[in-house]
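For reference, the structure is listed below as structure tokens.
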Amino acid sequence: MGRKGVCCCCAALRPRYKRLVDNIFPEDPKDGLVKADMEKLTFYAVSAPEKLDRIGAYLAERLSRDVVRHRYGYVLIAMEALDQLLMACHSQSIKPFVESFLHMVAKLLESGEPKLQVLGTNSFVKFANIEEDTPSYHRRYDFFVSRFSAMCHSCDHDPETQTEIRIAGIRGIQGVVRKTVNDELRATIWEPQHMDKIVPSLLFNMQKIDDIDRVGPPSSPTGGEKEENPAVLAENCFRELLGRATYGNMNNAVRPVFAHLDHHRLWDPNEFAVSCFKIIMYSIQAQYSHHVIQEILGHLDVRKRDSPRVRAGIIQVLLEAVAIAAKGSIGPTVLEVFNTLLKHLRISVDFELGDRRSSAGSATFSTSSKESDERIVQNAIIQTIGFFGSNLPDYQRSEIMMFIMGKVPVFGAASQSLDTSHLGDLGTRRIQIMLLRSLLMVTSGYKATTITNALPPPFLDPLLSPSLMEDSELRQLVLEILHNLIDRHDNRAKLRGIRIIPDVSDLKIKRDKISRQDVSFMKKHGQQLYRHIYLGCKEEDNVQKNFELLFTSLALTTIELANEEVVIDLIRLAIALQDIAIINEDNLPMFNRCGVMALVAAYLNFLSQMIAVPAFCQHVTKVIETRSVEASYFLPETIFKDKCNLPKSLEKHEKDLFFLTNKIAESLGGSGYSVERLSVPYVPQVTDEDRLSRRKSIVDTVSIQVDILPGNNTEDKIDNTEEITFEALKKAIDNNGLEEQEKEKRRLVIEKFQKAPFEEIAAQCETKANLLHDRLAQILELTIRPPPSPSGTMTITAGHAHYQSVPVYEMKFPDLCVY
């Protein structure tokens with residue numbers, strides 16, 4: 001009795017808060033929390049908030065002791081009491097209690113018992129939902145971030161327990177985010193060391209999702225689905241995290257995504273990567289979209305040495321991100337996107353050619369597989385460029401067109417063009433094709449108010465450069481780009497395929513009156529278009545598609561840009577094309593000659609019906625009918641068949657099969673057309689690139705001969721030597737005949753300068769001047785070149801000087817110096 005009295009006396013001396021805390025615990029933990037005593041404790045805590053920190057500390061002490069002794073029943077009672085105290089106390093008085101509470105939650109999370117971990121997580125989530133008036137700057141959540149992230153990766157042998165722990169970890173991360181994300185003064189959750197744990201944990205659980213296509217704008221799953229499925233819960237937490245990201249911390253939230261995808265090799269296949277970035281683009285604020293695009297571009301630069309399929313997977317992700325961002329704010333990254341993609345296009349071509357060179361002579365399966373993989377990368381880049389460009393507004397699209405065209409390696413291109421010096425001719429051609437394909441996709445659907453806006457000189461000049469006529473595919477791409485820009489009324493589909501159109505009115509061609517700007521454009525640049533078509537018809541590697549595109553080019557020019565003056569120029573061009581096939585100075589194959597004849601027939605048939613001059617239509621129809629009977633291979637329906645009997649020569653054909661200039665002039669003259677220029681043959685312009693190009697010079701094409709230096713070929717000398725006979729001497733003495741010839745030459749020259757267009761006169765004069773300049777340069781080079789010296793001549797190679805000596809016995813001395 002004495003001892004019991006002493007104990008009672010000691011218990012009475014204990015602080016009241018301890019006695020109230022002890023009273024809430026029953027003798028048997030199965031009975032649960034003593035509610036009556038819990039109400040007393042709650043009333044005491046609310047009445048005396050200064051005692052909360054002591055209440056919390058004592059509860060934490062009891063809970064720690066019970067956890068160590070595995071008395072989990074009392075642990076549950078303690079956490080229930082803590083939760084009720086948290087909900088009952090006001091936010092101003094809760095701060096002294098929080099430290100003890102977080103310490104107790106940490107104890108539960110550290111235990112190896114799943115039920116206690118879930119219990120601690122639930123208590124932390126309830127705490128996270130309480131709004132505090134003022135932040136606690138000293139409070140940090142590093143432990144909780146690490147612990148909840150570890151729970152997200154739980155690998156418990158029991159699937160149900162594993163799922164339960166993972167869900168608890170995701171909910172804990174969600175609680176940490178909600179508690180800290182909106183407080184800018186506190187040590188926030190956006191620091192890289194936290195994001196590197198949170199984001200991979202969420203992505204790890206999102207990988208388990210079954211319905212990979214559910215990646216659109218944020219959905220609202222049912223409560224049961226949200227609680228039971230870790231993947232759904234992780235996705236919603238990820239969306240919430242990104243939705244709260246701001247300008248300064250966006251990159252910290254996105255970069256761990258790349259690390260996770262790299263570590264788990266999720267770029268090939270890239271379905272999960274695409275779904276992740278769709279979630280990111282739909283969740284973040286629209287004005288921050290360009291940050292994500294910049295991060296993808298930066299990661300593409302980092303992984304530029306990886307396998308082609310990995311790079312293709314990253315580019316595909318970029319395409320999906322751009323597709324979403326293009327609908328909103330693109331920001332300042334437009335040119336950066338295109339510049340980076342074009343750089344990687346060049347790198348891909350370099351890799352492809354490098355693999356081909358390394359495997360020369362040993363065609364293996366792996367090499368061909370690498371080349372095909374690089375083609376996948378290139379196609380992905382082109383698709384991304386085209387999709388991005390086609391979604392831009394017109395003013396930005398025109399800038400992108402100029403930007404891409406400036407990257408195409410052509411003669412005389414600016415320094416911004418892609419460096420292809422180390423790729424060789426094949427690599428340069430591949431780059432040209434890839435860039436033109438990209439440009440074709442960007443120009444698709446582009447509608448300019450005037451043709452000058454669509455084809456400014458800095459864009460038109462390199463596009464029509466002879467450097468882009470080296471290959472049949474290059475010429476096709478150039479013509480298709482021209483079609484996209486010239487066709488402003490969507491008539492191209494109606495003109496698809498080269499054929500003799502019986503009635504053009506059935507096509508229901510849409511056209512407007514030619515504007516002043518378009519007329520001015522044709523006066524300045526029409527000769528460039530004519531020249532490109534003219535030279536395009538003379539290429540030996542032309543196939544049916546080339547002729548079809550050339551026909552469409554002529555037809556679209558007629559619809560969109562042709563006034564009476566342009567119509568005359570187009571007829572002169574058509575007659576010149578017919579002369580190419582008949583005279584055949586370029587030794588074209590018979591298929592090409594017949595193809596050109598068919599092209600002229602199809603176009604003049606279209607043009608005659610468009611301008612609706614009866615006499616002209618009658619002449620064209622008559623020639624076509626004659627051809628269908630006597631020479632059907634001059635018509636497109638016959639020559640472009642798989643099996644067509646070609647003639648052996650065209651010299652024996654009668655004039656009824658050809659379109660005659662004089663009859664066309666007569667038919668148009670009666671309808672008010674100015675036909676004087678029809679008598680002047682069409683001569684294409686000559687550019688500097690024509691003289692320096694590897695291709696056949698246009699100077700040879702127009703047969704302009706300037707004899708300054710005697711030829712070195714003896715056979716030419718013999719052919720040019722005239723045989724001296726009595727008749728020749730008689731003609732030489734007869735001055736009257738010479739005077740008549742001189743008068744005729746003068747008359748032709750005067751008529752030419754009166755009737756020919758100024759552009760053609762300037763082109764011919766420029767050609768003669770340039771030839772004279774080239775010949776003089778050759779003469780000066782031969783005469784001024786220093787003689788060889790035994791001491792050697794200095795040559796500079798790769799920045800280093802080298803001396804090459806010439807032995808005396810190999811030197812050639814003038815005759816006067818030798819005795």
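Lettering and numbering for the structure tokens are positional, with chains as A, B, ... in the shown order, residues counted from 1 in each chain, and ligands counted from 1 in the shown order.
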
Review point. Which polymer residues have any atom within 9 Å of an atom of A:Phe659, counting only C-alpha atoms, with same-chain residues fewer than 6 positions away left out, as a PyMOL selection string?
Key: chain A and resi 575+578+600-601+604+619-620+623

**Study point:** Residue neighbourhood A:Asp579, 12 Å, only C-alpha atoms, exclusion window fewer than 6 positions, as a PyMOL selection string
**Key:** chain A and resi 534+537-538+572-573+585-586+593-594+596-597+600+650-651+658-661+681-683+701-702

Convert the current residue selection to file output with N, CA and C atoms, as a compact mmCIF listing (two decimals), in the first residue's frame.
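Once everything was written out, this is out-v6.txt:
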```
# COMPACT_ATOMS: atom_id res chain seq x y z
N TYR A 534 13.66 25.71 -120.30
CA TYR A 534 14.39 25.39 -121.54
C TYR A 534 15.54 24.42 -121.26
N CYS A 537 14.49 20.83 -120.26
CA CYS A 537 14.07 19.93 -121.35
C CYS A 537 15.26 19.31 -122.07
N LYS A 538 16.45 19.85 -121.87
CA LYS A 538 17.60 19.36 -122.62
C LYS A 538 18.41 18.32 -121.86
N ARG A 572 7.22 31.54 -128.02
CA ARG A 572 8.60 31.51 -128.51
C ARG A 572 9.39 30.40 -127.80
N LEU A 573 9.17 30.26 -126.50
CA LEU A 573 9.83 29.20 -125.75
C LEU A 573 9.41 27.82 -126.25
N GLU A 585 21.12 19.51 -131.42
CA GLU A 585 22.53 19.86 -131.27
C GLU A 585 23.18 19.18 -130.06
N ASP A 586 22.35 18.78 -129.09
CA ASP A 586 22.89 18.21 -127.86
C ASP A 586 22.92 16.68 -127.89
N ARG A 593 13.81 13.40 -127.32
CA ARG A 593 13.36 14.28 -128.40
C ARG A 593 11.86 14.14 -128.61
N CYS A 594 11.37 12.92 -128.63
CA CYS A 594 9.93 12.73 -128.78
C CYS A 594 9.17 13.25 -127.56
N VAL A 596 10.02 15.85 -125.71
CA VAL A 596 9.95 17.31 -125.85
C VAL A 596 8.87 17.68 -126.86
N MET A 597 8.79 16.95 -127.97
CA MET A 597 7.74 17.22 -128.97
C MET A 597 6.35 17.02 -128.36
N VAL A 600 5.57 20.00 -126.03
CA VAL A 600 5.17 21.20 -126.79
C VAL A 600 3.74 21.05 -127.29
N LEU A 650 14.34 12.14 -137.10
CA LEU A 650 13.25 13.11 -137.26
C LEU A 650 13.46 14.00 -138.47
N GLU A 651 14.55 13.80 -139.23
CA GLU A 651 14.84 14.69 -140.35
C GLU A 651 13.89 14.50 -141.51
N PHE A 658 4.81 19.71 -137.47
CA PHE A 658 5.43 20.68 -136.58
C PHE A 658 4.55 21.93 -136.47
N PHE A 659 4.71 22.62 -135.37
CA PHE A 659 4.04 23.90 -135.17
C PHE A 659 4.91 24.98 -135.82
N LEU A 660 4.33 25.73 -136.74
CA LEU A 660 5.09 26.68 -137.54
C LEU A 660 4.91 28.09 -137.01
N THR A 661 6.03 28.80 -136.95
CA THR A 661 6.01 30.15 -136.38
C THR A 661 5.18 31.10 -137.23
N PRO A 681 14.12 34.21 -132.65
CA PRO A 681 14.24 32.95 -131.90
C PRO A 681 14.56 33.22 -130.43
N TYR A 682 14.03 32.35 -129.59
CA TYR A 682 14.30 32.47 -128.15
C TYR A 682 15.73 32.06 -127.86
N VAL A 683 16.43 32.89 -127.08
CA VAL A 683 17.80 32.60 -126.64
C VAL A 683 17.83 32.74 -125.13
N THR A 701 25.19 25.91 -126.05
CA THR A 701 23.80 25.66 -126.40
C THR A 701 23.28 26.64 -127.43
N VAL A 702 23.58 27.92 -127.24
CA VAL A 702 23.04 28.92 -128.15
C VAL A 702 23.95 29.14 -129.36
```

Practice item. Would you list, as a ChimeraX atom specification, the residues of stretch 565-714 of chain A that end up in alpha helix (DSSP H) under DSSP run on this structure's backbone? Key: /A:565-583,590-611,614-630,636-639,661-669,688-692,698-701,714

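Reported to one decimal place, the separation of atom CA of A:Tyr288 from atom CA of A:Thr246 is 8.0 Å.
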
Just want the 8 Å neighbourhood of A:Val613, counted on only C-alpha atoms, with same-chain residues fewer than 3 positions away dropped. Output as a PDB file with N, CA and C atoms, in the first residue's frame.
```
ATOM      1  N   SER A 608      -3.622  27.394-126.420  1.00  0.00           N
ATOM      2  CA  SER A 608      -4.550  27.871-127.455  1.00  0.00           C
ATOM      3  C   SER A 608      -5.980  27.932-126.928  1.00  0.00           C
ATOM      4  N   GLN A 609      -6.359  26.987-126.084  1.00  0.00           N
ATOM      5  CA  GLN A 609      -7.714  27.020-125.524  1.00  0.00           C
ATOM      6  C   GLN A 609      -7.838  28.060-124.416  1.00  0.00           C
ATOM      7  N   PHE A 616      -5.607  30.120-134.051  1.00  0.00           N
ATOM      8  CA  PHE A 616      -4.508  29.440-133.348  1.00  0.00           C
ATOM      9  C   PHE A 616      -4.941  28.040-132.916  1.00  0.00           C
ATOM     10  N   CYS A 617      -6.139  27.925-132.356  1.00  0.00           N
ATOM     11  CA  CYS A 617      -6.656  26.611-131.958  1.00  0.00           C
ATOM     12  C   CYS A 617      -6.752  25.675-133.159  1.00  0.00           C
ATOM     13  N   SER A 667      -2.165  33.709-137.165  1.00  0.00           N
ATOM     14  CA  SER A 667      -3.393  33.482-136.393  1.00  0.00           C
ATOM     15  C   SER A 667      -3.519  34.455-135.223  1.00  0.00           C
ATOM     16  N   LEU A 668      -2.406  34.770-134.564  1.00  0.00           N
ATOM     17  CA  LEU A 668      -2.475  35.688-133.418  1.00  0.00           C
ATOM     18  C   LEU A 668      -2.517  37.141-133.856  1.00  0.00           C
ATOM     19  N   SER A 671      -5.869  38.692-134.142  1.00  0.00           N
ATOM     20  CA  SER A 671      -6.612  38.888-132.892  1.00  0.00           C
ATOM     21  C   SER A 671      -6.035  40.005-132.037  1.00  0.00           C
TER      22      SER A 671
END
```

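Interatomic distance, atom CA of A:Thr384 to atom CA of A:Glu240: 28.8 Å.
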
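Atom CA of A:Ser283 lies 15.3 Å from atom CA of A:Asn252.
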
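Using only C-alpha atoms, the residues found no farther than 12 Å from A:Ala323, other than those of its own chain fewer than 4 positions away, are Val274, Phe277, Lys278, Met281, Tyr282, Ser289, Ile293, Gln316, Val317, Leu318, Leu319, Lys327, Gly328, Ser329, Ile330, Gln383, Thr384, Ile385, Gly386, Phe387, Phe388, Gly389, Ser390, Asn391 and Leu392 of chain A.
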
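Distance annotation: of A:Leu780, A:Ile315, A:Val181, A:Ala57, the residue with the minimal separation from A:Trp267 is A:Ile315; atom set is only C-alpha atoms.
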